[in-house]
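*Asks:* File model30.txt follows (compact mmCIF, C-alpha atoms):
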```txt
# COMPACT_ATOMS: atom_id res chain seq x y z
CA SER W 140 0.00 0.00 0.00
CA VAL W 141 1.01 3.62 -0.49
CA LYS W 142 0.95 4.25 3.25
CA SER W 143 3.36 1.41 4.06
CA LYS W 144 5.71 2.42 1.25
CA LEU W 145 5.77 6.01 2.47
CA LYS W 146 6.43 4.88 6.05
CA SER W 147 9.36 2.75 4.90
CA LEU W 148 11.23 5.63 3.26
CA ASP W 149 14.67 6.37 4.67
CA ARG W 150 14.15 9.77 6.27
CA SER W 151 17.88 10.38 6.46
CA ASP W 152 18.01 10.51 2.66
CA SER W 153 18.32 13.85 0.90
CA LEU W 154 15.16 15.86 0.22
CA GLU W 155 15.62 15.42 -3.54
CA ASN W 156 15.86 11.62 -3.21
CA LEU W 157 12.85 11.49 -0.90
CA MET W 158 10.79 13.59 -3.30
CA GLU W 159 11.75 11.34 -6.20
CA GLU W 160 10.82 8.20 -4.23
CA VAL W 161 7.47 9.71 -3.20
CA ARG W 162 6.79 10.68 -6.83
CA SER W 163 7.66 7.15 -7.91
CA ILE W 164 5.34 5.62 -5.29
CA PHE W 165 2.41 7.74 -6.45
CA GLN W 166 3.12 7.13 -10.15
CA GLU W 167 3.12 3.39 -9.51
CA PHE W 168 -0.14 3.71 -7.57
CA ALA W 169 -1.75 5.68 -10.41
CA ARG W 170 -0.56 3.19 -13.01
CA GLU W 171 -1.84 0.20 -11.06
CA ASN W 172 -5.13 1.68 -9.89
CA ILE W 173 -6.16 4.11 -12.60
CA ASP W 174 -4.49 3.15 -15.87
CA LEU W 175 -4.98 -0.59 -15.44
CA ALA W 176 -8.56 -0.06 -14.27
CA ALA W 177 -9.30 1.96 -17.40
CA THR W 178 -7.76 -0.78 -19.54
CA GLN W 179 -9.90 -3.42 -17.85
CA ILE W 180 -13.04 -1.30 -18.21
CA SER W 181 -12.26 -0.82 -21.89
CA LEU W 182 -11.74 -4.53 -22.49
CA THR W 183 -14.91 -5.52 -20.63
CA ALA W 184 -17.13 -2.85 -22.19
CA GLY W 185 -15.75 -3.46 -25.68
CA LYS W 186 -16.83 -7.11 -25.52
CA LYS W 187 -20.42 -6.03 -24.88
CA ILE W 188 -20.70 -4.04 -28.12
CA LYS W 189 -22.24 -6.19 -30.85
CA ASN W 190 -22.93 -5.75 -34.55
CA GLY W 191 -25.99 -3.57 -35.12
CA ASP W 192 -25.90 -1.90 -31.70
CA VAL W 193 -26.92 1.72 -31.37
CA ILE W 194 -24.91 3.20 -28.53
CA LEU W 195 -25.95 6.36 -26.73
CA THR W 196 -23.31 8.38 -24.94
CA TYR W 197 -23.24 11.78 -23.29
CA SER W 198 -20.74 14.60 -23.67
CA GLU W 199 -17.06 13.74 -24.00
CA SER W 200 -15.11 10.93 -22.35
CA GLY W 201 -11.67 9.70 -23.31
CA LEU W 202 -12.44 6.24 -21.96
CA VAL W 203 -15.71 6.02 -23.90
CA GLN W 204 -13.88 7.09 -27.05
CA THR W 205 -11.24 4.40 -26.47
CA ILE W 206 -13.92 1.73 -25.97
CA LEU W 207 -15.76 2.72 -29.15
CA SER W 208 -12.57 3.05 -31.20
CA GLU W 209 -11.31 -0.36 -30.12
CA ALA W 210 -14.69 -1.97 -30.83
CA ALA W 211 -14.73 -0.44 -34.33
CA SER W 212 -11.12 -1.53 -34.92
CA SER W 213 -12.09 -5.11 -34.10
CA GLY W 214 -14.58 -5.01 -36.98
CA THR W 215 -17.79 -4.55 -34.99
CA GLN W 216 -20.38 -2.51 -36.89
CA PHE W 217 -22.43 -0.18 -34.70
CA ARG W 218 -23.81 3.32 -34.59
CA VAL W 219 -23.20 5.98 -31.94
CA ILE W 220 -25.47 8.79 -30.82
CA VAL W 221 -23.67 11.49 -28.86
CA ALA W 222 -26.09 13.51 -26.73
CA ASP W 223 -24.92 16.84 -25.42
CA ASP W 224 -26.07 19.88 -23.51
CA ARG W 225 -26.23 23.30 -25.08
CA LEU W 226 -24.02 24.88 -22.45
CA HIS W 227 -20.65 23.15 -22.89
CA SER W 228 -21.02 21.24 -26.18
CA ARG W 229 -18.08 18.95 -25.39
CA GLY W 230 -19.83 16.03 -27.06
CA SER W 231 -19.34 17.66 -30.45
CA LYS W 232 -15.60 17.03 -30.15
CA LEU W 233 -16.21 13.36 -29.40
CA ALA W 234 -18.63 13.10 -32.34
CA GLU W 235 -16.07 14.69 -34.68
CA ARG W 236 -13.32 12.29 -33.57
CA LEU W 237 -15.56 9.24 -33.92
CA CYS W 238 -16.64 10.36 -37.41
CA ALA W 239 -12.99 10.86 -38.35
CA GLU W 240 -12.38 7.23 -37.37
CA GLY W 241 -15.18 6.10 -39.68
CA ILE W 242 -17.66 5.32 -36.91
CA ASP W 243 -21.29 6.06 -37.86
CA THR W 244 -22.04 8.88 -35.41
CA SER W 245 -24.96 11.26 -34.83
CA TYR W 246 -24.86 14.33 -32.61
CA ILE W 247 -27.98 15.55 -30.79
CA LEU W 248 -28.89 17.88 -27.97
CA LEU W 249 -30.40 16.39 -24.82
CA THR W 250 -33.73 17.94 -25.72
CA ALA W 251 -33.96 15.53 -28.69
CA LEU W 252 -33.23 12.44 -26.60
CA SER W 253 -36.84 11.24 -26.58
CA GLN W 254 -36.77 11.14 -30.40
CA VAL W 255 -33.91 8.60 -30.57
CA LEU W 256 -34.26 6.62 -27.35
CA SER W 257 -36.32 3.85 -28.98
CA GLN W 258 -33.36 3.08 -31.30
CA VAL W 259 -30.78 2.79 -28.50
CA THR W 260 -29.58 -0.69 -27.52
CA LYS W 261 -26.80 0.32 -25.11
CA VAL W 262 -25.83 3.37 -23.09
CA LEU W 263 -22.16 4.07 -22.43
CA VAL W 264 -21.17 7.11 -20.35
CA GLY W 265 -18.00 8.29 -18.69
CA CYS W 266 -17.83 9.45 -15.09
CA GLU W 267 -18.86 12.99 -15.94
CA GLY W 268 -21.98 11.66 -17.65
CA VAL W 269 -23.17 10.03 -14.44
CA MET W 270 -23.38 13.26 -12.48
```
Mind converting the file's structure to C-alpha cells?
*Replies:*
Amino acid sequence: SVKSKLKSLDRSDSLENLMEEVRSIFQEFARENIDLAATQISLTAGKKIKNGDVILTYSESGLVQTILSEAASSGTQFRVIVADDRLHSRGSKLAERLCAEGIDTSYILLTALSQVLSQVTKVLVGCEGVM
C-alpha cells in the first residue's frame, strides 16, 4: 500500500531523493489503480458491443472514445449517438473524432433524446456523464 511504502522511506536521505521516491510511489499507484482499471473497463465494455448496436453516450469521455474506437477496430459494426447539452457542447468534439475514425455517429442535444431513445440498444457514459 502507499501508506506502508511512504512509512518505509529512509528519512535520512536527501530531500531530492525522498521527493523522487514519493513521486515514484504515487506514479506506480496511479498506473496500477487508474491506468490498469481503465484498460480493464475498456476490455470488458468493448466485448459487450455487438454488430448492429446503437450506442448512446453523453458529452465527452476519453475512456468512452477508447472503448468505441477499439470496438470499431475489431470489426464490430455499430452506430453511436452522442447527446450533449447546449451549455458546454463537449460532445461535439467526441462526435467529430468518432466520425474521423469512420464510426457512424450522430450528434444531438439532450432535448432531442426522446426522439432517438427507442433506437438505442446500449448506453455508455463516462464518469462525468453520471453526475
*Asks:* Report, in Å with one decimal, the straight-line distance from atom CA of Arg162 of chain W to atom CA of Ser200 of chain W.
*Replies:*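 Going from atom CA of Arg162 of chain W over to atom CA of Ser200 of chain W, I get 26.8 Å.
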*Asks:* If you count only C-alpha atoms, which residues fall within 8 Å of Lys144 of chain W, apart from same-chain ones fewer than 4 positions away, as a ChimeraX atom specification?
*Replies:* /W:140,148,164
*Asks:* Give me the residues near Val264 of chain W as a PyMOL selection string, where near means some atom within 10 Å (using all atoms listed in the file) and where sequence neighbours in that chain fewer than 5 positions away do not count.
*Replies:* chain W and resi 194-200+202-204+221+269
*Asks:* Would you please work out which residue, of W:Ile242, W:Leu226, W:Val193, W:Leu182, is nearest to Ser212 of chain W when using only C-alpha atoms?
*Replies:*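 Smallest distance to Ser212 of chain W is found for W:Ile242.
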*Asks:* Please identify all polymer residues within 12 Å of Gly201 of chain W, counting all atoms listed in the file, omitting same-chain residues fewer than 5 positions from it, and present them as a PyMOL selection string.
*Replies:* chain W and resi 177-178+181+196+206-208+229-230+232-234+236-237+263-268
*Asks:* What does the structure give for the distance between atom CA of Asp243 of chain W and atom CA of Gln216 of chain W, in Å to one decimal?
*Replies:*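 Distance reported for this atom pair: 8.7 Å.
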*Asks:* Hey, which of W:Ala222, W:Leu175, W:Ile188, W:Cys238 ends up closest to Thr260 of chain W? Count only C-alpha atoms.
*Replies:*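 For Thr260 of chain W, the nearest of the candidates is W:Ile188.
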*Asks:* Quick one: of W:Asp224, W:Glu235, W:Glu240, W:Asp192, who's nearest to Glu209 of chain W, counting all atoms listed in the file?
*Replies:* W:Glu240
*Asks:* Could you give me the centre and size, in Å to one decimal, of an axis-aligned box around all listed atoms of segment 245-252 of chain W with 8 Å added on every side, as JSON?
*Replies:*
```
{"center_x": -29.4, "center_y": 14.6, "center_z": -29.8, "size_x": 25.1, "size_y": 22.7, "size_z": 26.0}
```
